[in-house]
Amino acid sequence: MAESHRVDLVAAFPPGERRIVVPFRGRAGIGVFNIAGAYHALRNICPHKSGPLCTGRVTGRAIATAPPSGRPLDDAGYQIERDGEIIRCPWHLWEFEIATGRCLVDPTVRVKTYPTAIEDGWVVVYADEADLPPQP
Amino acid sequence: MTATLGSTPITAPGWTGKPRSGLALIDCDVHQIISKQEDLYPYLSRLYRERVEDQGMLLPGSGYFNVPKRAARSDLNTGCDANMADHNIHTIGSQYELLRSQHLDMWNVDYALLTGASVYPASVIPDPDFGAALCRAFNDWTMDTWASRDERFIVAISVSANDPQRAAEEIYRMAGHPQVRAIMLPTGSRMPYGNRFYHPIWQACAETGLVVGIHPGAEGAGMAGSPTGVGYPTYYIEVRMARPQMAMAHVVSFIAEGVFEKYPTLKLLVDECDQFWLVGLMWHMDADWKSLREQTPWVRRLPSEYVLEHVRVGSQPMLEPERREQFFQMLDAMHAERTLVYSSDWPHWDWDDPATTFPRMPEHLHQRVFSDNARELFGL
């Protein structure tokens with residue numbers, strides 16, 4: 001039997017927001033994020049030390065092209081890229097790409113992701129890729 | 001019994017190493033020391049010579065008693081009075097023939113890095129021009145009385161970190177000499193060495209290919225910060241225990257300030273600060289980088305990657321783990337096959353001779369530590 005869970009109405013779940021739901025098995029739950037109209041779901045357990053990953057700060061990724069010494073103060077080589085697409089676990093602050101679950105500070109680490117769909121005006125999260133209904 | 005380490009027989013007692021050919025023994029910490037301040041007079045301008053004649057070199061010390069004979073090995077007594085009254089680091093450390101016969105020839109050392117020591121505190125005195133002049137004089141004395149006498153010497157010139165521009169000038173002046181392969185700075189400093197204040201020195205080293213050496217000295221002396229992060233300890237043994245603190249502070253600073261990103265060819269040699277701290281530093285800084293990378297995003301790689309590529313550690317004083325297998329576990333954890341170079345600290349009491357400083361190492365590791373790592377570091 002296909003396991004799925006209605007997270008929220010699309011109309012009530014705008015870009016930039018998140019919901020943490022506890023469907024299927026387990027107690028830690030799943031974090032569902034609306035990034036610019038696309039819904040992404042991650043297991044709410046950090047693969048590093050099992051912290052509540054999805055309750056962390058949603059932010060961007062700091063990058064620099066060069067060390068700040070010798071650069072203008074207002075530049076200092078410091079920029080934020082992909083703002084709103086990165087989440088940092090509240091335990092130890094590791095960075096994860098919400099859309100893929102990829103850990104940005106350790107390429108050997110990834111958090112489990114879940115498929116999502118929009119059905120009848122609802123955001124729906126599925127337990128497994130195989131559970132997704134056929135695409136229209 | 002004799003064995004062959006390089007191309008000539010080894011006569012030193014206790015050596016059990018197998019014969020080998022090629023470059024087999026490079027010593028990355030050999031001190032050449034002036035016997036008296038007058039040694040430097042020919043190399044000082046009249047202005048500074050007159051002041052030194054009148055009032056001495058005014059170099060501040062760390063303020064801790066070393067062992068008798070001012071830290072010299074007491075078994076080295078060539079050239080001293082019968083009653084040994086004048087036996088000290090100056091009479092011993094200033095003798096090339098003693099070094100040649102009792103170390104270079106005895107062990108068949110292929111290359112020895114002259115690391116100085118006499119003017120380390122020039123980095124922490126208030127007058128940057130006098131500091132630079134002392135370093136220049138010491139370097140000229142070193143080239144004339146040591147480097148020119150033996151092709152086995154390579155030289156880490158002294159520069160004063162207190163004026164990075166003057167230090168860079170000295171680096172450019174000396175770097176053309178084929179025996180000059182490094183600079184040497186004391187662990188005692190006003191700021192961690194990754195600070196942008198010092199970058200002209202690193203730029204000069206990067207442009208000339210000189211290795212940046214750091215060696216204990218001037219801790220808490222002159223304008224330097226206190227030897228530990230919690231202030232001045234009371235005894236000499238405490239200052240020795242503080243060396244890893246200082247080494248770690250400098251190495252971490254180089255990484256966090258992005259020095260190795262700015263100067264990708266720069267290499268660092270940390271002498272006489274122990275070695276196993278490198279393990280904890282790499283593990284802890286890697287972990288913290290994963291959490292705090294956002295604050296220093298110019299540190300684009302794991303800190304341990306910079307360490308393995310840019311930082312080398314002298315073996316002396318080689319720590320002596322409780323159990324033999326721990327020794328090899330620690331060597332493995334610090335990637336000794338890349339990071340560790342043999343150093344003796346001639347002619348100090350706590351020197352490490354080549355035969356007994358390590359337990360018998362596997363052949364490939366022996367070759368890396370005694371020769372290949374240093375050969376690659378200095379381009380020999």
# chains A, B, ... in the order shown; residues from 1 in each chain; ligands from 1
>>> closest_atom_pairs(of="chain A", to="chain B", cutoff="7 Å", atoms="only C-alpha atoms", output="CSV")
residue,atom,partner,partner_atom,distance
A:Ala62,CA,B:Glu294,CA,5.3
A:Ile63,CA,B:Pro297,CA,5.1
A:Ala64,CA,B:Trp298,CA,4.9
A:Thr65,CA,B:Trp298,CA,6.4
A:Ala66,CA,B:Trp298,CA,5.4
A:Pro67,CA,B:Trp298,CA,5.2
A:Ser69,CA,B:Arg196,CA,6.0
A:His92,CA,B:Ser291,CA,5.4
A:Leu93,CA,B:Ser291,CA,4.8
A:Trp94,CA,B:Ser291,CA,5.3
A:Val105,CA,B:Lys290,CA,5.3
>>> atom_distance(atom1="CA of Val125 (chain A)", atom2="CA of Asn34 (chain A)")
12.4 Å
>>> residues_around(residues="Pro303 (chain B)", least_positions_apart="4", cutoff="7 Å", atoms="only C-alpha atoms", output="number ranges by chain")
B: 255, 282, 285-286, 307
>>> closest_residue(among="A:Glu95, A:Asp120, A:Glu85, A:Glu129", to="Glu17 (chain A)", atoms="only C-alpha atoms")
A:Glu85
